[in-house]
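Content type TSV, C-alpha atoms, from the file work-v2.tsv:
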chain	number	residue	atom	x	y	z
A	13	MET	CA	66.44	-0.43	9.24
A	14	ALA	CA	63.97	-2.90	10.65
A	15	SER	CA	64.94	-5.68	13.01
A	16	THR	CA	65.30	-9.10	11.43
A	17	THR	CA	64.84	-10.95	14.70
A	18	SER	CA	62.55	-10.54	17.67
A	19	ASP	CA	63.39	-7.55	19.87
A	20	PRO	CA	60.96	-6.53	22.63
A	21	ASP	CA	62.09	-2.91	22.68
A	22	PRO	CA	64.13	-1.83	19.62
A	23	LEU	CA	65.25	1.77	19.74
A	24	ARG	CA	63.72	4.07	17.14
A	25	VAL	CA	66.19	6.57	15.71
A	26	ALA	CA	65.50	9.55	13.43
A	27	ILE	CA	68.61	10.83	11.63
A	28	LEU	CA	68.70	14.27	10.01
A	29	LEU	CA	71.11	14.27	7.04
A	30	ASN	CA	71.87	17.97	6.70
A	31	SER	CA	74.26	17.99	3.74
A	32	TYR	CA	73.06	20.28	0.95
A	33	ARG	CA	72.98	18.65	-2.49
A	34	SER	CA	75.85	16.36	-1.55
A	35	ARG	CA	76.83	13.69	-4.07
A	36	ILE	CA	77.83	11.36	-1.21
A	37	LEU	CA	74.61	11.57	0.80
A	38	SER	CA	73.79	7.92	0.13
A	39	ALA	CA	77.28	6.94	1.34
A	40	ILE	CA	76.77	8.96	4.54
A	41	ARG	CA	73.50	7.16	5.14
A	42	ALA	CA	75.17	3.79	4.55
A	43	SER	CA	77.90	4.66	7.03
A	44	TYR	CA	75.28	5.31	9.73
A	45	GLU	CA	73.67	1.99	8.91
A	46	ARG	CA	76.95	0.07	9.09
A	47	THR	CA	78.26	1.59	12.30
A	48	ILE	CA	74.98	1.53	14.21
A	49	SER	CA	74.09	-2.01	13.14
A	50	SER	CA	77.43	-3.22	14.51
A	51	VAL	CA	76.38	-2.30	18.07
A	52	ALA	CA	72.56	-2.09	17.87
A	53	PRO	CA	71.46	-4.47	15.10
A	54	HIS	CA	67.77	-4.16	16.01
A	55	ALA	CA	67.62	-0.37	16.03
A	56	ARG	CA	65.07	1.05	13.60
A	57	LEU	CA	66.57	3.90	11.60
A	58	ALA	CA	64.72	6.52	9.58
A	59	PHE	CA	66.46	9.24	7.56
A	60	TYR	CA	65.34	12.80	6.78
A	61	GLU	CA	66.80	15.58	4.61
A	62	PRO	CA	65.98	19.06	5.93
A	63	ALA	CA	68.35	20.79	3.50
A	64	ASN	CA	67.14	19.12	0.33
A	65	LYS	CA	63.56	18.06	1.01
A	66	ARG	CA	62.55	20.27	3.97
A	67	GLU	CA	61.43	17.14	5.81
A	68	PHE	CA	61.49	16.46	9.54
A	69	PRO	CA	60.49	13.50	11.69
A	70	ASP	CA	57.57	13.34	14.08
A	71	PRO	CA	59.42	13.24	17.43
A	72	ALA	CA	56.60	11.24	19.01
A	73	CYS	CA	57.61	8.25	16.87
A	74	PHE	CA	61.25	8.08	17.99
A	75	ASP	CA	63.44	7.55	21.04
A	76	LEU	CA	66.44	9.45	19.66
A	77	VAL	CA	66.73	12.28	17.15
A	78	VAL	CA	70.17	12.74	15.56
A	79	PHE	CA	71.26	16.06	14.07
A	80	GLY	CA	74.00	14.99	11.67
A	81	GLY	CA	76.75	16.75	9.76
A	82	SER	CA	76.52	19.19	6.88
A	83	ASN	CA	78.60	20.86	4.19
A	84	VAL	CA	77.25	24.34	5.05
A	85	ASP	CA	78.48	26.83	7.66
A	86	PRO	CA	76.07	26.52	10.63
A	87	ARG	CA	76.25	30.29	11.18
A	88	HIS	CA	74.44	30.97	7.90
A	89	SER	CA	70.77	31.93	7.89
A	90	HIS	CA	69.45	29.88	4.99
A	91	GLN	CA	65.78	29.13	5.48
A	92	TRP	CA	66.35	25.41	5.89
A	93	ILE	CA	68.88	26.09	8.66
A	94	LEU	CA	66.37	28.33	10.43
A	95	ASP	CA	63.84	25.51	10.02
A	96	VAL	CA	66.28	23.13	11.73
A	97	HIS	CA	66.63	25.62	14.59
A	98	GLU	CA	62.87	25.83	14.97
A	99	PHE	CA	62.51	22.05	14.87
A	100	LEU	CA	65.14	21.70	17.61
A	101	ARG	CA	63.37	24.27	19.80
A	102	ARG	CA	60.06	22.47	19.33
A	103	LEU	CA	61.67	19.10	19.99
A	104	VAL	CA	63.21	20.03	23.34
A	105	THR	CA	60.23	22.03	24.58
A	106	GLN	CA	57.29	19.92	23.38
A	107	PHE	CA	59.00	16.50	23.61
A	108	PRO	CA	61.29	16.83	26.65
A	109	GLU	CA	61.35	13.05	27.12
A	110	LYS	CA	63.17	12.51	23.79
A	111	LYS	CA	66.95	12.17	23.60
A	112	VAL	CA	68.82	14.45	21.19
A	113	LEU	CA	72.23	13.72	19.64
A	114	GLY	CA	74.35	16.19	17.68
A	115	ILE	CA	77.25	15.22	15.40
A	116	CYS	CA	79.71	17.76	13.90
A	117	TRP	CA	77.41	20.37	12.27
A	118	GLY	CA	74.68	19.11	14.60
A	119	HIS	CA	77.00	19.65	17.59
A	120	GLN	CA	77.68	23.21	16.46
A	121	THR	CA	74.06	23.97	15.61
A	122	ILE	CA	72.71	22.67	18.93
A	123	SER	CA	75.35	24.73	20.73
A	124	ARG	CA	74.28	27.89	18.85
A	125	VAL	CA	70.57	27.36	19.47
A	126	PHE	CA	71.25	26.93	23.19
A	127	GLY	CA	73.38	30.09	23.29
A	128	GLY	CA	76.92	28.80	22.66
A	129	LYS	CA	79.46	30.30	20.26
A	130	VAL	CA	80.80	28.72	17.06
A	131	VAL	CA	83.97	30.07	15.44
A	132	ASP	CA	86.39	29.15	12.67
A	133	ALA	CA	88.92	26.63	13.95
A	134	SER	CA	92.56	27.75	13.99
A	135	SER	CA	93.32	24.66	11.91
A	136	PRO	CA	90.88	22.29	10.18
A	137	GLU	CA	90.79	18.65	11.29
A	138	MET	CA	90.52	15.66	8.98
A	139	GLY	CA	91.09	12.01	9.75
A	140	VAL	CA	91.17	10.16	13.06
A	141	ALA	CA	92.19	12.27	16.07
A	142	THR	CA	92.34	11.78	19.82
A	143	VAL	CA	89.54	13.24	21.96
A	144	ASN	CA	90.81	13.90	25.49
A	145	LEU	CA	88.19	13.51	28.20
A	146	THR	CA	87.45	15.72	31.18
A	147	GLU	CA	86.76	14.22	34.59
A	148	ALA	CA	83.04	14.28	33.76
A	149	GLY	CA	83.88	12.56	30.47
A	150	ARG	CA	85.77	9.79	32.23
A	151	GLU	CA	82.72	9.13	34.37
A	152	PHE	CA	80.41	9.11	31.36
A	153	PHE	CA	82.53	7.05	28.96
A	154	HIS	CA	83.31	4.15	31.28
A	155	GLU	CA	85.05	2.11	28.56
A	156	ALA	CA	87.51	4.97	28.00
A	157	ALA	CA	87.92	5.97	31.65
A	158	ALA	CA	91.26	4.29	32.22
A	159	LEU	CA	92.87	5.74	29.09
A	160	GLY	CA	91.17	9.11	29.47
A	161	SER	CA	90.55	9.51	25.75
A	162	PHE	CA	89.10	7.94	22.62
A	163	ARG	CA	89.63	8.39	18.90
A	164	LEU	CA	87.11	9.50	16.29
A	165	GLN	CA	87.06	10.49	12.65
A	166	GLN	CA	87.14	14.30	12.35
A	167	HIS	CA	86.10	16.47	9.42
A	168	HIS	CA	85.51	20.10	10.34
A	169	ARG	CA	86.71	23.67	9.92
A	170	ARG	CA	84.65	25.18	12.73
A	171	GLU	CA	84.38	24.49	16.46
A	172	VAL	CA	82.42	25.40	19.58
A	173	ALA	CA	84.45	28.13	21.30
A	174	ALA	CA	81.98	28.65	24.16
A	175	ALA	CA	79.66	25.90	25.34
A	176	PRO	CA	76.04	26.82	26.10
A	177	VAL	CA	75.03	27.45	29.69
A	178	GLY	CA	73.73	24.23	31.19
A	179	PHE	CA	76.03	21.95	29.17
A	180	ALA	CA	78.99	20.11	30.71
A	181	PRO	CA	82.10	19.49	28.58
A	182	LEU	CA	82.85	15.76	28.51
A	183	ALA	CA	85.98	16.38	26.43
A	184	GLN	CA	88.57	19.11	26.27
A	185	GLY	CA	88.00	21.90	23.78
A	186	ASN	CA	84.21	21.41	23.92
A	187	GLN	CA	84.63	18.36	21.68
A	188	CYS	CA	81.75	16.61	23.46
A	189	LEU	CA	78.95	18.21	25.49
A	190	LEU	CA	76.16	16.86	27.71
A	191	SER	CA	73.17	18.86	28.89
A	192	GLU	CA	72.62	19.09	32.62
A	193	ASN	CA	69.29	17.24	32.32
A	194	ASN	CA	71.02	14.32	30.51
A	195	MET	CA	68.82	14.67	27.43
A	196	VAL	CA	71.16	16.27	24.85
A	197	LEU	CA	74.57	14.85	23.89
A	198	THR	CA	76.83	16.27	21.17
A	199	PHE	CA	80.11	15.37	19.47
A	200	GLN	CA	82.38	17.43	17.24
A	201	GLY	CA	83.78	14.18	15.84
A	202	HIS	CA	82.04	11.53	13.76
A	203	PRO	CA	81.22	8.24	15.52
A	204	GLU	CA	79.13	7.29	12.48
A	205	LYS	CA	81.93	7.73	9.95
A	206	ASP	CA	84.15	4.84	8.95
A	207	ALA	CA	87.26	5.00	6.77
A	208	GLU	CA	85.31	4.00	3.68
A	209	THR	CA	83.15	7.11	3.97
A	210	ALA	CA	85.93	9.41	5.19
A	211	ARG	CA	87.95	8.70	2.04
A	212	LEU	CA	85.16	10.20	-0.06
A	213	ARG	CA	85.83	13.64	1.43
A	214	MET	CA	89.62	13.65	1.24
A	215	HIS	CA	89.42	16.05	-1.71
A	216	ASP	CA	88.45	18.79	0.77
A	217	SER	CA	92.10	18.80	1.86
A	218	MET	CA	93.06	20.71	-1.27
A	219	ARG	CA	90.88	23.64	-0.18
A	220	TRP	CA	91.40	23.29	3.56
A	221	PHE	CA	95.15	22.69	3.68
A	222	GLY	CA	96.28	23.81	0.25
A	223	PHE	CA	97.38	20.30	-0.69
A	224	ASP	CA	98.79	19.84	-4.16
A	225	ALA	CA	96.95	17.03	-5.91
A	226	LEU	CA	100.34	15.69	-7.00
A	227	ASP	CA	101.93	15.81	-3.51
A	228	GLU	CA	102.12	12.08	-2.87
A	229	LYS	CA	103.64	12.42	0.61
A	230	ALA	CA	100.87	14.75	1.82
A	231	TRP	CA	98.20	12.44	0.44
A	232	ALA	CA	99.88	9.43	2.07
A	233	ARG	CA	99.90	11.15	5.47
A	234	LEU	CA	96.24	12.05	5.15
A	235	GLN	CA	95.35	8.54	4.00
A	236	GLN	CA	97.09	7.17	7.09
A	237	LEU	CA	95.04	9.44	9.36
A	238	VAL	CA	91.79	8.44	7.67
A	239	ASP	CA	92.62	4.74	7.91
A	240	THR	CA	93.70	4.85	11.58
A	241	GLU	CA	91.73	2.65	13.95
A	242	HIS	CA	89.07	4.57	15.90
A	243	ASP	CA	86.54	4.08	18.68
A	244	GLY	CA	83.30	4.80	16.85
A	245	GLU	CA	81.73	1.51	17.94
A	246	MET	CA	82.55	2.14	21.60
A	247	VAL	CA	81.03	5.60	21.39
A	248	TRP	CA	77.84	4.23	19.79
A	249	ARG	CA	77.56	1.61	22.53
A	250	ARG	CA	77.65	4.38	25.11
A	251	ILE	CA	75.18	6.48	23.12
A	252	PHE	CA	72.61	3.67	23.07
A	253	GLU	CA	73.12	3.05	26.79
A	254	TRP	CA	72.55	6.76	27.38
A	255	VAL	CA	69.36	6.79	25.30
A	256	ARG	CA	67.79	4.44	27.84
A	257	GLU	CA	68.94	6.48	30.84
A	258	PRO	CA	66.41	8.75	32.57
A	259	SER	CA	66.52	12.51	32.57
A	260	VAL	CA	68.11	14.35	35.49
A	261	PRO	CA	65.87	16.86	37.32
A	262	VAL	CA	67.19	20.40	37.05
A	263	THR	CA	66.19	22.91	39.72
A	264	ASN	CA	65.53	26.56	38.86
A	265	ARG	CA	65.86	25.80	35.17
A	266	VAL	CA	65.32	28.75	32.86
A	267	ASP	CA	64.75	28.80	29.12
A	268	LYS	CA	68.25	28.71	27.67
A	269	LEU	CA	67.24	28.57	24.02
A	270	SER	CA	68.71	31.35	21.93
A	271	ASN	CA	66.62	33.49	19.57
A	272	ILE	CA	69.19	33.37	16.75
For the file at hand, write its structure as structure tokens.
Amino acid sequence: MASTTSDPDPLRVAILLNSYRSRILSAIRASYERTISSVAPHARLAFYEPANKREFPDPACFDLVVFGGSNVDPRHSHQWILDVHEFLRRLVTQFPEKKVLGICWGHQTISRVFGGKVVDASSPEMGVATVNLTEAGREFFHEAAALGSFRLQQHHRREVAAAPVGFAPLAQGNQCLLSENNMVLTFQGHPEKDAETARLRMHDSMRWFGFDALDEKAWARLQQLVDTEHDGEMVWRRIFEWVREPSVPVTNRVDKLSNI
């Protein structure tokens, strides 16, 4: 998405859309465009599809690389998933000056590649939910410091049970992680997802929760959760502030990348 007005230093963002043969991929892309443009209208976005087209960005051309969500279990070993792992390893080792953002599947995948553990969640999450911050999270998310939490759209059946070594939890339950060098930030929730896009995946509730398609009360409750006001814009504002922040020197740093 090119800037329409003069901007001396527009951020360049590569977004990996990791959904496999999804019929709503164009809607997911549009949701990124809407939510990001609301806080960073001059950002230049480029989209890539590792799962469907085996394509990856050249990290040298971007300031931020986003590993987005997917409809595939991140613990699988499909070749395209292994290719994503290899791209991430190359990105953080050969382009250490580039910021890396993980969202949902991207959060889980980055955690696995750095040695964390991903498990099935005790209960799936769908719709807007509260993310409770740790003390480190209060310091990082200054707009949410007083309240101690923010709200994001959620859509996941798996979670990070053990954060990788060298990552600080910014939210309880490993819902948000930040690397000790300040270069990798991940979210289990979806700052890019608005209600319009979230509604397109409500059908998953029939598999995840055993909803009856004719259960009007259950559908109404879920619709209310999806339509609840959230803090995606605030989170994106903080993300783009963070992209411009410098790295933090780490002493005695060892290679923490997993060989999965």
Considering only C-alpha atoms, state which residue in the set A:Ser161, A:Ser82, A:Thr209, A:Gln106 is at the smallest distance from Met246 (chain A).
A:Ser161
Please determine the residues with any atom at most 10 Å from (64.9, 24.0, 17.7) (coordinates as given in the file, with only C-alpha atoms counting) and report them as a CSV table (one decimal) with C-alpha atoms, in the coordinates of the input.
chain,number,residue,atom,x,y,z
A,94,LEU,CA,66.4,28.3,10.4
A,95,ASP,CA,63.8,25.5,10.0
A,96,VAL,CA,66.3,23.1,11.7
A,97,HIS,CA,66.6,25.6,14.6
A,98,GLU,CA,62.9,25.8,15.0
A,99,PHE,CA,62.5,22.0,14.9
A,100,LEU,CA,65.1,21.7,17.6
A,101,ARG,CA,63.4,24.3,19.8
A,102,ARG,CA,60.1,22.5,19.3
A,103,LEU,CA,61.7,19.1,20.0
A,104,VAL,CA,63.2,20.0,23.3
A,105,THR,CA,60.2,22.0,24.6
A,121,THR,CA,74.1,24.0,15.6
A,122,ILE,CA,72.7,22.7,18.9
A,125,VAL,CA,70.6,27.4,19.5
A,126,PHE,CA,71.2,26.9,23.2
A,269,LEU,CA,67.2,28.6,24.0
A,270,SER,CA,68.7,31.4,21.9
A,271,ASN,CA,66.6,33.5,19.6
Could you list, as a PDB file with C-alpha atoms, in the coordinates of the input, every residue within 12 Å of region 148-154 of chain A, counting only C-alpha atoms and ignoring same-chain residues fewer than 6 positions away?
ATOM      1  CA  GLY A 160      91.170   9.110  29.470  1.00  0.00           C
ATOM      2  CA  SER A 161      90.550   9.510  25.750  1.00  0.00           C
ATOM      3  CA  PHE A 162      89.100   7.940  22.620  1.00  0.00           C
ATOM      4  CA  PHE A 179      76.030  21.950  29.170  1.00  0.00           C
ATOM      5  CA  ALA A 180      78.990  20.110  30.710  1.00  0.00           C
ATOM      6  CA  PRO A 181      82.100  19.490  28.580  1.00  0.00           C
ATOM      7  CA  LEU A 182      82.850  15.760  28.510  1.00  0.00           C
ATOM      8  CA  ALA A 183      85.980  16.380  26.430  1.00  0.00           C
ATOM      9  CA  GLN A 184      88.570  19.110  26.270  1.00  0.00           C
ATOM     10  CA  ASN A 186      84.210  21.410  23.920  1.00  0.00           C
ATOM     11  CA  GLN A 187      84.630  18.360  21.680  1.00  0.00           C
ATOM     12  CA  CYS A 188      81.750  16.610  23.460  1.00  0.00           C
ATOM     13  CA  LEU A 189      78.950  18.210  25.490  1.00  0.00           C
ATOM     14  CA  LEU A 190      76.160  16.860  27.710  1.00  0.00           C
ATOM     15  CA  SER A 191      73.170  18.860  28.890  1.00  0.00           C
ATOM     16  CA  GLU A 192      72.620  19.090  32.620  1.00  0.00           C
ATOM     17  CA  ASN A 194      71.020  14.320  30.510  1.00  0.00           C
ATOM     18  CA  LEU A 197      74.570  14.850  23.890  1.00  0.00           C
ATOM     19  CA  PHE A 199      80.110  15.370  19.470  1.00  0.00           C
ATOM     20  CA  ASP A 243      86.540   4.080  18.680  1.00  0.00           C
ATOM     21  CA  MET A 246      82.550   2.140  21.600  1.00  0.00           C
ATOM     22  CA  VAL A 247      81.030   5.600  21.390  1.00  0.00           C
ATOM     23  CA  TRP A 248      77.840   4.230  19.790  1.00  0.00           C
ATOM     24  CA  ARG A 249      77.560   1.610  22.530  1.00  0.00           C
ATOM     25  CA  ARG A 250      77.650   4.380  25.110  1.00  0.00           C
ATOM     26  CA  ILE A 251      75.180   6.480  23.120  1.00  0.00           C
ATOM     27  CA  GLU A 253      73.120   3.050  26.790  1.00  0.00           C
ATOM     28  CA  TRP A 254      72.550   6.760  27.380  1.00  0.00           C
ATOM     29  CA  GLU A 257      68.940   6.480  30.840  1.00  0.00           C
TER      30      GLU A 257
END
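Of the listed residues (A:Ala63, A:Val196, A:Leu234, A:Cys73), A:Ala63 comes nearest to Ser34 (chain A); the distances count all atoms listed in the file.
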Taking into account all atoms listed in the file, which residue in the set A:Ala72, A:Ile93, A:Leu237, A:Leu145 is nearest to Gln166 (chain A)?
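Selected residue with least distance to Gln166 (chain A): A:Leu237.
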Closest of A:Ser134, A:Tyr60, A:Asn193, A:Val25 to Leu76 (chain A) - atom-to-atom distances counting all atoms listed in the file:
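Closest to Leu76 (chain A) of all the choices is A:Val25.
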CA of Arg213 (chain A) to CA of Glu241 (chain A), straight-line distance in Å
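Between these atoms lies a distance of 17.7 Å.
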Which is closest to Ser49 (chain A) among A:Asp75, A:Pro108, A:Arg124, A:Glu245, if we use all atoms listed in the file?
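Of the candidates, the smallest distance to Ser49 (chain A) is held by A:Glu245.
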For the atom pair CA of Arg163 (chain A) and CA of Ala232 (chain A), what is the interatomic distance in Å to one decimal place?
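If I compute the distance from CA of Arg163 (chain A) to CA of Ala232 (chain A), I get 19.7 Å.
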For Leu29 (chain A), which of A:Ala58, A:Val112, A:Val177, A:Leu164 is the closest residue, counting all atoms listed in the file?
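Among A:Ala58, A:Val112, A:Val177, A:Leu164, it is A:Ala58 that comes nearest to Leu29 (chain A).
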For region 41-46 of chain A, please output as an MDAnalysis selection string all residues within 10 Å (counting only C-alpha atoms; exclusion window: fewer than 3 positions along the same chain).
chainID A and resid 13 27:29 36:38 49:53 55:59 80 203:210
Using Å and a single decimal, report how far CA of Pro86 (chain A) sits from CA of Ser259 (chain A).
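Between CA of Ser259 (chain A) and CA of Pro86 (chain A) the gap works out to 27.7 Å.
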